[in-house]
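The structure under discussion appears below in the form of structure tokens.
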Amino acid sequence: MEITEVRVYPVDEEKLRAYVTVTLDGCFVIRDLKVIQGATALFVAMPAKRRKDGTFKDVAHPLNAETRERFERAILAAYQAETHRAPAGRPAGTEGHLHGG
């Protein structure tokens, strides 16, 4: 499995920094991952759905630590690249993307 595209959609909310869409092998998309500012660092939250009892359940998630680390590295690198781009010629809040993985 290869992460072939990471699209970052920055937001300006209290702890939520961006929504992310990841493409795997150029043929499978996972939407609504989140970059969140934790107490000490940024982290990636998997897409989740609220259950009837008010708890959240991941819709999609890695099954092992190695895959989770690959996702986090690719997503946080894309987030850093997107947020450090020069804003000239781009309205604030427009989407960006990074190919590779």
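Here, A, B, ... name the chains of the structure tokens in the order displayed, residue numbers run from 1 inside each chain, and ligands are numbered from 1 in the same displayed order.
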
Chain A: residues DSSP assigns to strand (DSSP E), reported as a PyMOL selection string
chain A and resi 3-10+16-24+28-37+42-45+48-50+56-58+96-99

Would you save the residues from that selection as an mmCIF file, in the first residue's frame, using C-alpha atoms?
data_model
loop_
_atom_site.group_PDB
_atom_site.id
_atom_site.type_symbol
_atom_site.label_atom_id
_atom_site.label_comp_id
_atom_site.auth_asym_id
_atom_site.auth_seq_id
_atom_site.Cartn_x
_atom_site.Cartn_y
_atom_site.Cartn_z
ATOM 1 C CA ILE A 3 -0.017 6.797 0.119
ATOM 2 C CA THR A 4 -0.207 8.448 -3.285
ATOM 3 C CA GLU A 5 -1.810 11.762 -2.341
ATOM 4 C CA VAL A 6 -2.478 13.837 0.753
ATOM 5 C CA ARG A 7 -4.799 16.844 0.505
ATOM 6 C CA VAL A 8 -4.825 19.299 3.372
ATOM 7 C CA TYR A 9 -7.733 21.653 4.067
ATOM 8 C CA PRO A 10 -6.618 24.073 6.818
ATOM 9 C CA LEU A 16 -8.704 21.502 14.936
ATOM 10 C CA ARG A 17 -6.027 22.629 12.490
ATOM 11 C CA ALA A 18 -7.040 20.855 9.256
ATOM 12 C CA TYR A 19 -9.163 18.239 7.578
ATOM 13 C CA VAL A 20 -7.230 15.788 5.427
ATOM 14 C CA THR A 21 -8.037 13.468 2.530
ATOM 15 C CA VAL A 22 -5.646 10.594 1.792
ATOM 16 C CA THR A 23 -5.508 8.560 -1.423
ATOM 17 C CA LEU A 24 -4.067 5.034 -1.342
ATOM 18 C CA PHE A 28 -8.908 4.415 -2.688
ATOM 19 C CA VAL A 29 -9.795 7.623 -0.794
ATOM 20 C CA ILE A 30 -10.194 8.209 2.942
ATOM 21 C CA ARG A 31 -11.744 11.566 3.869
ATOM 22 C CA ASP A 32 -12.211 13.490 7.110
ATOM 23 C CA LEU A 33 -8.990 12.665 8.894
ATOM 24 C CA LYS A 34 -8.138 15.553 11.222
ATOM 25 C CA VAL A 35 -4.965 17.310 12.304
ATOM 26 C CA ILE A 36 -5.500 18.297 15.930
ATOM 27 C CA GLN A 37 -3.366 20.385 18.277
ATOM 28 C CA LEU A 42 -0.018 17.853 16.649
ATOM 29 C CA PHE A 43 -1.644 14.482 16.103
ATOM 30 C CA VAL A 44 -3.823 12.812 13.482
ATOM 31 C CA ALA A 45 -7.353 11.640 14.326
ATOM 32 C CA ALA A 48 -15.107 8.751 13.196
ATOM 33 C CA LYS A 49 -18.872 8.590 13.486
ATOM 34 C CA ARG A 50 -20.925 9.500 16.552
ATOM 35 C CA PHE A 56 -17.342 7.925 18.699
ATOM 36 C CA LYS A 57 -16.258 4.930 16.628
ATOM 37 C CA ASP A 58 -13.511 5.100 13.979
ATOM 38 C CA GLY A 96 -3.700 22.532 -0.970
ATOM 39 C CA HIS A 97 -2.247 19.150 -1.653
ATOM 40 C CA LEU A 98 0.971 17.199 -1.639
ATOM 41 C CA HIS A 99 1.653 14.177 -3.794
#

If you run DSSP on the backbone here, which positions in stretch 1-81 of chain A get alpha helix (DSSP H)? Please write them as a list in words.
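Of stretch 1-81 of chain A, the ones in alpha helix (DSSP H) are Ala65, Glu66, Thr67, Arg68, Glu69, Arg70, Phe71, Glu72, Arg73, Ala74, Ile75, Leu76, Ala77, Ala78, Tyr79, Gln80 and Ala81 of chain A.
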
Take the residues from that selection and write them out as a compact mmCIF listing (two decimals), in the first residue's frame, keeping N, CA and C atoms.
# COMPACT_ATOMS: atom_id res chain seq x y z
N ALA A 65 0.82 -0.36 14.37
CA ALA A 65 1.58 0.85 14.68
C ALA A 65 2.39 1.35 13.48
N GLU A 66 2.94 0.44 12.70
CA GLU A 66 3.74 0.84 11.54
C GLU A 66 2.91 1.63 10.53
N THR A 67 1.71 1.15 10.25
CA THR A 67 0.83 1.83 9.30
C THR A 67 0.37 3.17 9.86
N ARG A 68 0.03 3.21 11.14
CA ARG A 68 -0.36 4.48 11.77
C ARG A 68 0.76 5.50 11.66
N GLU A 69 1.99 5.08 11.91
CA GLU A 69 3.14 5.99 11.80
C GLU A 69 3.33 6.49 10.38
N ARG A 70 3.15 5.62 9.38
CA ARG A 70 3.26 6.05 7.98
C ARG A 70 2.23 7.12 7.66
N PHE A 71 0.98 6.91 8.10
CA PHE A 71 -0.07 7.90 7.88
C PHE A 71 0.29 9.21 8.58
N GLU A 72 0.67 9.14 9.84
CA GLU A 72 0.97 10.35 10.60
C GLU A 72 2.12 11.12 9.97
N ARG A 73 3.20 10.44 9.58
CA ARG A 73 4.34 11.12 8.95
C ARG A 73 3.90 11.83 7.68
N ALA A 74 3.18 11.13 6.81
CA ALA A 74 2.76 11.72 5.52
C ALA A 74 1.79 12.88 5.74
N ILE A 75 0.84 12.72 6.64
CA ILE A 75 -0.16 13.76 6.87
C ILE A 75 0.45 14.98 7.54
N LEU A 76 1.27 14.78 8.57
CA LEU A 76 1.86 15.93 9.26
C LEU A 76 2.87 16.65 8.37
N ALA A 77 3.59 15.92 7.52
CA ALA A 77 4.51 16.57 6.57
C ALA A 77 3.71 17.42 5.58
N ALA A 78 2.61 16.90 5.07
CA ALA A 78 1.77 17.65 4.13
C ALA A 78 1.16 18.87 4.82
N TYR A 79 0.74 18.70 6.07
CA TYR A 79 0.18 19.82 6.83
C TYR A 79 1.23 20.92 7.01
N GLN A 80 2.44 20.54 7.41
CA GLN A 80 3.51 21.52 7.59
C GLN A 80 3.82 22.23 6.27
N ALA A 81 3.90 21.49 5.18
CA ALA A 81 4.17 22.09 3.87
C ALA A 81 3.07 23.07 3.49

Two-atom distance - atom CA of A:Ala39, atom CA of A:Glu14 (Å):
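Distance between the two atoms: 12.3 Å.
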
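Proximity to A:Ala41 was assessed for A:Lys15, A:Met1, A:Asn64, A:His84 counting only C-alpha atoms; the smallest distance is recorded for A:Lys15.
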